[in-house]
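**Q** Okay, here's the structure, questions in a sec.
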Amino acid sequence: MRFKRLESVAIAVLLLASSLSARAQGPSLSAALPLVHTDNGPNSPAAQKAHYVVLVSLDGFRWDYAKRDGATHLLALGKQGVWAPQGMLPSFPSLTFPNHFTIVTGLYPEHHGLVANSFFDETKQARYGNADSAAVTDGSWYSGVPLWSLAEGQGMRTACIFWPGSEAEIAGHRPTWYARFDNKTQATDEVQRARIDDAVALLKLPDADRPHFITIYYSEPDHEGHQFGPDAPETKAAVLKMDGMVAKLKTALDATHLPIDLVVVSDHGMVKTEGPWVTLDKFADLTGFDAVGQLLYGKTEGDRVRLYNQLKKASSQFIVYRRKNVPADLHYNQNPREGDPVVVATGPFAIRAHEPAAGQPDTAPIPGAHGFDPRNMRQMKASFFAAGPDIVSGKTLAPFENVNLYPWMAHILGLTPAKNDGNLNILAGTLRDNGGEPAPAESADQKTPEPTKP
Ligand SMILES: [Zn+2]
């Protein structure tokens with residue numbers, strides 16, 4: 001199995017190289033970051049006339065970093081188009097995988113299924129982990145229709161130069177192009193620049209093959225924010241480095257002379273952690289519970305009641321709820337993957353179920369963290385900047401929920417969105433057409449994706 005998978009990657013890389021050299025007029029795709037190709041056919045005639053969205057995520061780029069650190073290119077992008085000077089509201093929990101998948105599906109985490117970066121599923125009797133390549137590439141973990149699948153299903157080609165979920169077949173489709181995530185090479189300068197080279201090479205493909213929706217993901221400044229804290233000089237340096245990367249991308253996109261709307265967002269913010277670990281089994285008997293991080297999965301209702309009662313008044317550093325009673329505006333009370341009871345921190349406290357097993361080193365919480373309730377912790381807010389031919393100029397936005405990006409991007413691309421938790425009216429004022437009638441949906445391309453070559 002392992003060998004077969006590697007072999008199919010190698011074939012895909014070769015196919016990519018040959019298809020680009022045969023069809024692209026411009027520079028060939030960067031060898032520093034090969035993309036996997038899925039043959040979804042050419043763009044439909046309607047898709048060929050559509051505009052382009054390049055969606056960039058800067059992981060952990062807190063809402064106030066751009067102004068605080070003088071990220072002049074991002075601020076200029078916001079001035080040219082629109083931005084949210086007081087930030088964009090992430091969904092709860094303010095973690096990377098849940099929010100990236102919310103941005104591309106318009107669904108709250110409990111509706112798209114990624115309720116945390118790692119969690120347990122009782123029906124599957126299996127665990128999802130964002131570093132587990134078998135899980136992240138298995139489409140059965142994900143619900144909703146991510147924008148790339150939506151577009152592919154409506155005859156429009158897409159590319160994901162990294163994005164959580166993009167390596168799986170979801171809602172019957174894969175992006176036409178996607179990159180395989182590799183944590184080891186992810187943050188090297190070469191691979192960071194290669195994302196821009198790849199995007200530009202894809203945008204130089206002929207009309208029939210050129211993707212209209214492209215995602216690009218950067219893991220900075222999240223990494224520095226965790227390791228050194230949000231206020232550290234290292235984090236500021238990463239903010240300015242990413243600002244420079246956006247400037248390079250913007251210049252490269254402008255040079256294509258295509259009608260591209262550039263959207264730069266982040267998934268969440270970052271806060272300086274306070275105090276030592278809050279370890280739940282110091283307050284309560286977790287016998288009978290499986291735990292993933294701070295998520296708690298009981299086997300019997302009796303165990304859940306007992307644990308809830310033991311934790312209820314245990315500490316001022318967290319509130320514990322029976323899952324069904326988690327406040328409605330957290331949108332975190334319906335999915336069994338959330339566990340029961342549900343523990344919500346009241347401040348920037350690092351919570352875990354257990355201490356490390358005997359013999360494993362126990363380290364203090366890292367200086368920066370996120371995942372907290374964005375309703376009462378402003379440091380959790382994310383960033384939003386966007387400019388392009390479909391977007392008005394010089395408008396600022398009050399904080400809005402990130403579920404609203406999905407119907408908004410679908411509208412720009414002329415796609416009929418799938419069922420989602422967002423509302424186009426929230427961001428309609430940022431659009432030159434005021435969010436008017438979306439382009440009529442192209443008769444859906446019913447082509448079934450071809451099975452992966454053995
Ligand atoms: Zn993080």
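Each chain in the structure tokens gets a letter, A, B and so on, in the order shown; residues start at 1 in every chain, and ligands are counted from 1 in the order they appear.
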Please extract the residues at most 9 Å from ligand 1, counting only C-alpha atoms and all ligand atoms, and provide them as number ranges by chain, using the chain letters and residue numbers of this document.
**A** A: 59-60, 95-96, 219, 221-223, 225-226, 268-270, 368-371
**Q** For the helix (DSSP H, G or I) assignment from backbone DSSP, which residues of stretch 68-213 of chain A qualify? Please present them as a PyMOL selection string.
**A** chain A and resi 68-69+72-80+96-105+109-112+133-136+139-141+147-153+189-203
**Q** Within stretch 47-232 of chain A, find each residue whose DSSP state, derived from the backbone, is strand (DSSP E or B), and express the selection as a ChimeraX atom specification.
**A** /A:52-58,82-83,88-89,118-121,126-129,158-161,170,173,177-178,213-218
**Q** How about saving the chosen residues, N, CA and C atoms kept, as a compact mmCIF listing (two decimals), in the first residue's frame?
**A**
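Heads up, here's the output in again-v2.txt:
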```txt
# COMPACT_ATOMS: atom_id res chain seq x y z
N TYR A 52 -11.50 35.50 -10.93
CA TYR A 52 -10.62 34.61 -10.18
C TYR A 52 -10.59 35.05 -8.72
N VAL A 53 -10.50 34.06 -7.83
CA VAL A 53 -10.26 34.36 -6.41
C VAL A 53 -8.99 33.63 -5.98
N VAL A 54 -8.03 34.39 -5.46
CA VAL A 54 -6.86 33.80 -4.83
C VAL A 54 -7.02 34.04 -3.33
N LEU A 55 -7.20 32.96 -2.58
CA LEU A 55 -7.46 33.02 -1.14
C LEU A 55 -6.19 32.61 -0.40
N VAL A 56 -5.65 33.55 0.38
CA VAL A 56 -4.40 33.30 1.10
C VAL A 56 -4.70 33.27 2.59
N SER A 57 -4.17 32.27 3.28
CA SER A 57 -4.28 32.25 4.74
C SER A 57 -2.89 32.38 5.36
N LEU A 58 -2.80 33.31 6.31
CA LEU A 58 -1.58 33.47 7.11
C LEU A 58 -1.94 32.97 8.51
N VAL A 82 -11.00 46.33 0.71
CA VAL A 82 -11.69 46.36 1.99
C VAL A 82 -10.87 45.62 3.04
N TRP A 83 -11.08 45.98 4.31
CA TRP A 83 -10.46 45.21 5.39
C TRP A 83 -11.25 45.37 6.67
N MET A 88 -11.74 39.88 12.17
CA MET A 88 -12.80 38.97 11.73
C MET A 88 -12.96 37.93 12.85
N LEU A 89 -14.21 37.51 13.09
CA LEU A 89 -14.46 36.58 14.20
C LEU A 89 -14.28 35.13 13.75
N SER A 118 -7.66 17.72 16.65
CA SER A 118 -7.68 16.28 16.91
C SER A 118 -8.92 15.97 17.73
N PHE A 119 -9.59 14.90 17.40
CA PHE A 119 -10.81 14.53 18.12
C PHE A 119 -11.09 13.06 17.88
N PHE A 120 -12.10 12.55 18.60
CA PHE A 120 -12.47 11.14 18.49
C PHE A 120 -13.87 11.04 17.90
N ASP A 121 -14.12 10.02 17.08
CA ASP A 121 -15.45 9.80 16.53
C ASP A 121 -15.95 8.45 17.03
N ALA A 126 -12.69 5.84 15.83
CA ALA A 126 -11.37 6.22 15.31
C ALA A 126 -11.11 7.68 15.64
N ARG A 127 -9.83 8.03 15.55
CA ARG A 127 -9.40 9.36 15.93
C ARG A 127 -8.91 10.11 14.69
N TYR A 128 -9.31 11.39 14.59
CA TYR A 128 -8.79 12.28 13.54
C TYR A 128 -7.69 13.12 14.17
N GLY A 129 -6.58 13.26 13.48
CA GLY A 129 -5.52 14.14 13.95
C GLY A 129 -4.98 14.90 12.76
N THR A 158 -9.92 24.33 -10.09
CA THR A 158 -9.40 24.93 -8.86
C THR A 158 -8.02 24.37 -8.54
N ALA A 159 -7.32 25.06 -7.63
CA ALA A 159 -6.02 24.58 -7.15
C ALA A 159 -5.86 24.93 -5.68
N CYS A 160 -5.35 24.00 -4.90
CA CYS A 160 -5.07 24.25 -3.48
C CYS A 160 -3.58 24.09 -3.24
N ILE A 161 -2.91 25.22 -3.05
CA ILE A 161 -1.49 25.16 -2.73
C ILE A 161 -1.44 25.16 -1.20
N ILE A 170 -13.75 15.21 -1.29
CA ILE A 170 -14.87 15.64 -0.45
C ILE A 170 -16.03 16.05 -1.34
N HIS A 173 -15.54 15.39 -5.11
CA HIS A 173 -14.54 16.04 -5.96
C HIS A 173 -13.22 16.26 -5.21
N TRP A 177 -5.74 20.66 -8.86
CA TRP A 177 -4.34 20.64 -8.43
C TRP A 177 -4.30 20.77 -6.91
N TYR A 178 -3.44 20.02 -6.27
CA TYR A 178 -3.23 20.24 -4.83
C TYR A 178 -1.82 19.83 -4.42
N PHE A 213 -10.15 29.36 -8.86
CA PHE A 213 -10.10 29.49 -7.39
C PHE A 213 -8.82 28.82 -6.92
N ILE A 214 -7.95 29.60 -6.28
CA ILE A 214 -6.66 29.09 -5.82
C ILE A 214 -6.51 29.42 -4.33
N THR A 215 -6.16 28.42 -3.53
CA THR A 215 -5.84 28.70 -2.13
C THR A 215 -4.33 28.60 -1.93
N ILE A 216 -3.82 29.44 -1.05
CA ILE A 216 -2.41 29.38 -0.64
C ILE A 216 -2.39 29.49 0.88
N TYR A 217 -1.67 28.59 1.52
CA TYR A 217 -1.61 28.60 2.99
C TYR A 217 -0.17 28.80 3.46
N TYR A 218 0.01 29.68 4.47
CA TYR A 218 1.31 29.86 5.13
C TYR A 218 1.17 29.58 6.62
```
**Q** Need to verify the contact set: A:Ala387, 9 Å, only C-alpha atoms, exclusion of same-chain residues closer than 4 positions in sequence. Can you return it as a list of chain:residue names?
**A**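 Close residues of A:Ala387: A:Leu77, A:Gly78, A:Lys79, A:Gln80, A:Gly81, A:Val82, A:Trp83, A:Ile260, A:Asp261, A:Leu262, A:Val263, A:Ile391, A:Val392, A:Ser393.
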**Q** Using only C-alpha atoms, what table do you get, as a Markdown table, when you list each residue of stretch 98-191 of chain A with an atom no more than 12 Å from stretch 33-50 of chain A, its nearest pair of atoms, and their distance in Å rounded to one decimal, rows by chain then rising number?
**A**
```
| residue | atom | partner | partner_atom | distance |
| --- | --- | --- | --- | --- |
| A:Trp148 | CA | A:Asn40 | CA | 11.6 |
| A:Ser149 | CA | A:Asn40 | CA | 10.8 |
| A:Ala151 | CA | A:Ala47 | CA | 8.9 |
| A:Glu152 | CA | A:Asn40 | CA | 7.3 |
| A:Gly153 | CA | A:Asn40 | CA | 9.3 |
| A:Gln154 | CA | A:Ala47 | CA | 8.2 |
| A:Gly155 | CA | A:Ser44 | CA | 5.1 |
| A:Met156 | CA | A:Asn43 | CA | 5.0 |
| A:Arg157 | CA | A:Asn43 | CA | 5.8 |
| A:Thr158 | CA | A:Asn43 | CA | 9.5 |
| A:Ala159 | CA | A:Leu35 | CA | 8.9 |
| A:Cys160 | CA | A:Leu35 | CA | 8.8 |
| A:Ile161 | CA | A:Leu35 | CA | 7.7 |
| A:Phe162 | CA | A:Leu35 | CA | 9.6 |
| A:Ser166 | CA | A:Val36 | CA | 10.9 |
| A:Glu167 | CA | A:Val36 | CA | 9.2 |
| A:Ala168 | CA | A:Thr38 | CA | 11.7 |
| A:Glu169 | CA | A:Thr38 | CA | 10.6 |
| A:Gly172 | CA | A:Asn40 | CA | 11.4 |
| A:His173 | CA | A:Asn40 | CA | 8.6 |
| A:Arg174 | CA | A:Thr38 | CA | 7.1 |
| A:Pro175 | CA | A:Thr38 | CA | 7.0 |
| A:Thr176 | CA | A:Thr38 | CA | 4.7 |
| A:Trp177 | CA | A:His37 | CA | 4.7 |
| A:Tyr178 | CA | A:Val36 | CA | 5.2 |
| A:Ala179 | CA | A:Leu35 | CA | 4.7 |
| A:Arg180 | CA | A:Leu35 | CA | 7.3 |
| A:Phe181 | CA | A:Leu33 | CA | 10.0 |
| A:Asp182 | CA | A:Leu33 | CA | 10.3 |
| A:Thr185 | CA | A:Leu33 | CA | 9.5 |
| A:Gln186 | CA | A:Leu33 | CA | 9.6 |
| A:Ala187 | CA | A:Leu33 | CA | 11.9 |
| A:Thr188 | CA | A:Leu33 | CA | 11.0 |
| A:Asp189 | CA | A:Leu33 | CA | 11.6 |
| A:Glu190 | CA | A:Leu33 | CA | 8.7 |
| A:Val191 | CA | A:Leu33 | CA | 6.2 |
```
**Q** Just N, CA and C atoms for this one: save the residues we selected as a CSV table (one decimal), in the first residue's frame.
**A**
```csv
chain,number,residue,atom,x,y,z
A,148,TRP,N,-13.6,24.4,-3.4
A,148,TRP,CA,-13.0,23.8,-4.6
A,148,TRP,C,-13.9,22.7,-5.1
A,149,SER,N,-14.6,21.9,-4.2
A,149,SER,CA,-15.5,20.9,-4.7
A,149,SER,C,-16.7,21.5,-5.3
A,151,ALA,N,-16.9,24.4,-6.9
A,151,ALA,CA,-16.5,24.9,-8.2
A,151,ALA,C,-16.3,23.7,-9.2
A,152,GLU,N,-15.6,22.7,-8.8
A,152,GLU,CA,-15.3,21.6,-9.7
A,152,GLU,C,-16.7,21.0,-10.1
A,153,GLY,N,-17.6,20.9,-9.2
A,153,GLY,CA,-18.9,20.3,-9.5
A,153,GLY,C,-19.7,21.2,-10.5
A,154,GLN,N,-19.4,22.5,-10.5
A,154,GLN,CA,-20.1,23.4,-11.4
A,154,GLN,C,-19.2,23.8,-12.6
A,155,GLY,N,-18.2,22.9,-12.9
A,155,GLY,CA,-17.5,23.1,-14.2
A,155,GLY,C,-16.3,24.0,-14.1
A,156,MET,N,-15.8,24.4,-12.9
A,156,MET,CA,-14.7,25.4,-12.8
A,156,MET,C,-13.5,24.7,-12.1
A,157,ARG,N,-12.4,24.9,-12.7
A,157,ARG,CA,-11.2,24.3,-12.2
A,157,ARG,C,-10.6,25.1,-11.0
A,158,THR,N,-9.9,24.3,-10.1
A,158,THR,CA,-9.4,24.9,-8.9
A,158,THR,C,-8.0,24.4,-8.5
A,159,ALA,N,-7.3,25.1,-7.6
A,159,ALA,CA,-6.0,24.6,-7.1
A,159,ALA,C,-5.9,24.9,-5.7
A,160,CYS,N,-5.3,24.0,-4.9
A,160,CYS,CA,-5.1,24.3,-3.5
A,160,CYS,C,-3.6,24.1,-3.2
A,161,ILE,N,-2.9,25.2,-3.0
A,161,ILE,CA,-1.5,25.2,-2.7
A,161,ILE,C,-1.4,25.2,-1.2
A,162,PHE,N,-1.8,24.1,-0.6
A,162,PHE,CA,-2.1,23.8,0.8
A,162,PHE,C,-3.4,24.4,1.2
A,166,SER,N,-7.8,19.7,1.7
A,166,SER,CA,-7.6,19.7,0.2
A,166,SER,C,-7.0,18.5,-0.3
A,167,GLU,N,-6.5,17.6,0.5
A,167,GLU,CA,-5.8,16.4,0.1
A,167,GLU,C,-6.8,15.2,0.1
A,168,ALA,N,-8.1,15.5,0.4
A,168,ALA,CA,-9.1,14.4,0.4
A,168,ALA,C,-10.1,14.6,-0.7
A,169,GLU,N,-10.8,13.6,-1.1
A,169,GLU,CA,-11.9,13.7,-2.0
A,169,GLU,C,-13.2,14.0,-1.1
A,172,GLY,N,-17.5,14.4,-3.4
A,172,GLY,CA,-17.4,13.9,-4.8
A,172,GLY,C,-16.3,14.5,-5.7
A,173,HIS,N,-15.5,15.4,-5.1
A,173,HIS,CA,-14.5,16.0,-6.0
A,173,HIS,C,-13.2,16.3,-5.2
A,174,ARG,N,-12.2,16.4,-6.0
A,174,ARG,CA,-10.9,16.9,-5.5
A,174,ARG,C,-10.5,18.1,-6.3
A,175,PRO,N,-9.7,19.0,-5.7
A,175,PRO,CA,-9.2,20.1,-6.5
A,175,PRO,C,-8.4,19.6,-7.7
A,176,THR,N,-8.5,20.3,-8.8
A,176,THR,CA,-7.7,19.8,-10.0
A,176,THR,C,-6.2,19.7,-9.7
A,177,TRP,N,-5.7,20.7,-8.9
A,177,TRP,CA,-4.3,20.6,-8.4
A,177,TRP,C,-4.3,20.8,-6.9
A,178,TYR,N,-3.4,20.0,-6.3
A,178,TYR,CA,-3.2,20.2,-4.8
A,178,TYR,C,-1.8,19.8,-4.4
A,179,ALA,N,-1.4,20.4,-3.3
A,179,ALA,CA,0.0,20.1,-2.8
A,179,ALA,C,-0.2,19.2,-1.6
A,180,ARG,N,0.8,18.3,-1.5
A,180,ARG,CA,0.8,17.4,-0.3
A,180,ARG,C,1.6,18.1,0.8
A,181,PHE,N,0.9,18.2,2.0
A,181,PHE,CA,1.5,19.0,3.1
A,181,PHE,C,2.6,18.2,3.7
A,182,ASP,N,3.7,18.9,3.9
A,182,ASP,CA,4.8,18.2,4.6
A,182,ASP,C,5.4,19.2,5.6
A,185,THR,N,9.1,20.6,5.3
A,185,THR,CA,9.6,21.6,4.3
A,185,THR,C,8.6,22.8,4.2
A,186,GLN,N,7.5,22.7,4.9
A,186,GLN,CA,6.5,23.7,4.9
A,186,GLN,C,7.0,25.2,5.0
A,187,ALA,N,7.9,25.4,6.0
A,187,ALA,CA,8.3,26.8,6.3
A,187,ALA,C,9.6,27.2,5.7
A,188,THR,N,10.2,26.4,4.8
A,188,THR,CA,11.5,26.8,4.3
A,188,THR,C,11.2,28.0,3.3
A,189,ASP,N,12.2,28.9,3.2
A,189,ASP,CA,12.0,30.1,2.3
A,189,ASP,C,11.7,29.6,0.9
A,190,GLU,N,12.4,28.6,0.4
A,190,GLU,CA,12.2,28.1,-0.9
A,190,GLU,C,10.8,27.7,-1.2
A,191,VAL,N,10.2,26.9,-0.3
A,191,VAL,CA,8.9,26.4,-0.5
A,191,VAL,C,7.9,27.5,-0.2
```
**Q** Could you produce a table of the residues of stretch 61-177 of chain A lying within 7 Å of stretch 405-425 of chain A, with the nearest pair of atoms per residue and their separation in Å rounded to one decimal, using only C-alpha atoms, ordered by chain and increasing residue number, as CSV?
**A**
```
residue,atom,partner,partner_atom,distance
A:Ile103,CA,A:Leu405,CA,6.1
A:Val104,CA,A:Tyr406,CA,5.8
A:Thr105,CA,A:Tyr406,CA,6.0
A:Gly106,CA,A:Tyr406,CA,4.8
A:Leu107,CA,A:Asp421,CA,5.1
A:Tyr108,CA,A:Asp421,CA,6.7
A:Val145,CA,A:Ala418,CA,6.4
A:Ala151,CA,A:Leu415,CA,6.7
```
**Q** Please produce an output containing N, CA and C atoms for each residue in the selection, written as an mmCIF file, in the first residue's frame.
**A**
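Saved to again_9.cif:
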```cif
data_model
loop_
_atom_site.group_PDB
_atom_site.id
_atom_site.type_symbol
_atom_site.label_atom_id
_atom_site.label_comp_id
_atom_site.auth_asym_id
_atom_site.auth_seq_id
_atom_site.Cartn_x
_atom_site.Cartn_y
_atom_site.Cartn_z
ATOM 1 N N ILE A 103 -13.875 28.465 6.744
ATOM 2 C CA ILE A 103 -13.713 29.514 5.727
ATOM 3 C C ILE A 103 -14.108 28.999 4.338
ATOM 4 N N VAL A 104 -13.775 27.751 4.030
ATOM 5 C CA VAL A 104 -14.073 27.232 2.683
ATOM 6 C C VAL A 104 -15.418 26.500 2.575
ATOM 7 N N THR A 105 -16.118 26.286 3.707
ATOM 8 C CA THR A 105 -17.435 25.631 3.622
ATOM 9 C C THR A 105 -18.575 26.522 4.097
ATOM 10 N N GLY A 106 -18.267 27.599 4.842
ATOM 11 C CA GLY A 106 -19.329 28.427 5.411
ATOM 12 C C GLY A 106 -20.081 27.730 6.524
ATOM 13 N N LEU A 107 -19.530 26.639 7.046
ATOM 14 C CA LEU A 107 -20.188 25.880 8.113
ATOM 15 C C LEU A 107 -19.420 26.041 9.423
ATOM 16 N N TYR A 108 -20.170 26.122 10.517
ATOM 17 C CA TYR A 108 -19.511 26.089 11.819
ATOM 18 C C TYR A 108 -18.842 24.729 11.980
ATOM 19 N N VAL A 145 -19.488 21.212 1.568
ATOM 20 C CA VAL A 145 -18.943 21.245 0.202
ATOM 21 C C VAL A 145 -17.908 22.366 0.139
ATOM 22 N N ALA A 151 -16.852 24.382 -6.869
ATOM 23 C CA ALA A 151 -16.459 24.877 -8.188
ATOM 24 C C ALA A 151 -16.289 23.719 -9.177
#
```
**Q** What are the nearest atom pairs, with distances in Å to one decimal, for all residues of stretch 183-279 of chain A that come at most 12 Å from stretch 346-352 of chain A, using only C-alpha atoms, set out by chain and rising residue number as JSON lines?
**A**
```
{"residue": "A:Met270", "atom": "CA", "partner": "A:Pro348", "partner_atom": "CA", "distance": 9.6}
{"residue": "A:Val271", "atom": "CA", "partner": "A:Pro348", "partner_atom": "CA", "distance": 6.7}
{"residue": "A:Lys272", "atom": "CA", "partner": "A:Pro348", "partner_atom": "CA", "distance": 7.0}
{"residue": "A:Thr273", "atom": "CA", "partner": "A:Pro348", "partner_atom": "CA", "distance": 5.1}
{"residue": "A:Glu274", "atom": "CA", "partner": "A:Phe349", "partner_atom": "CA", "distance": 5.7}
{"residue": "A:Gly275", "atom": "CA", "partner": "A:Phe349", "partner_atom": "CA", "distance": 6.8}
{"residue": "A:Pro276", "atom": "CA", "partner": "A:Ala350", "partner_atom": "CA", "distance": 7.3}
{"residue": "A:Trp277", "atom": "CA", "partner": "A:Ala350", "partner_atom": "CA", "distance": 5.2}
{"residue": "A:Val278", "atom": "CA", "partner": "A:Ile351", "partner_atom": "CA", "distance": 4.7}
{"residue": "A:Thr279", "atom": "CA", "partner": "A:Arg352", "partner_atom": "CA", "distance": 5.1}
```
**Q** What gap, in Å, lies between atom CA of A:Asn333 and atom CA of A:Glu301?
**A** 16.1 Å
**Q** Which is closest to A:Trp63 among A:Ala84, A:Ala328, A:Leu150, A:Val292, if we use only C-alpha atoms?
**A**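 Comparing A:Ala84, A:Ala328, A:Leu150, A:Val292 against A:Trp63, the winner is A:Ala84.
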**Q** Do you have the atom CA of A:Leu397-atom CA of A:Gly429 distance handy?
**A**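 One can read the atom CA of A:Leu397 to atom CA of A:Gly429 distance as 9.4 Å.
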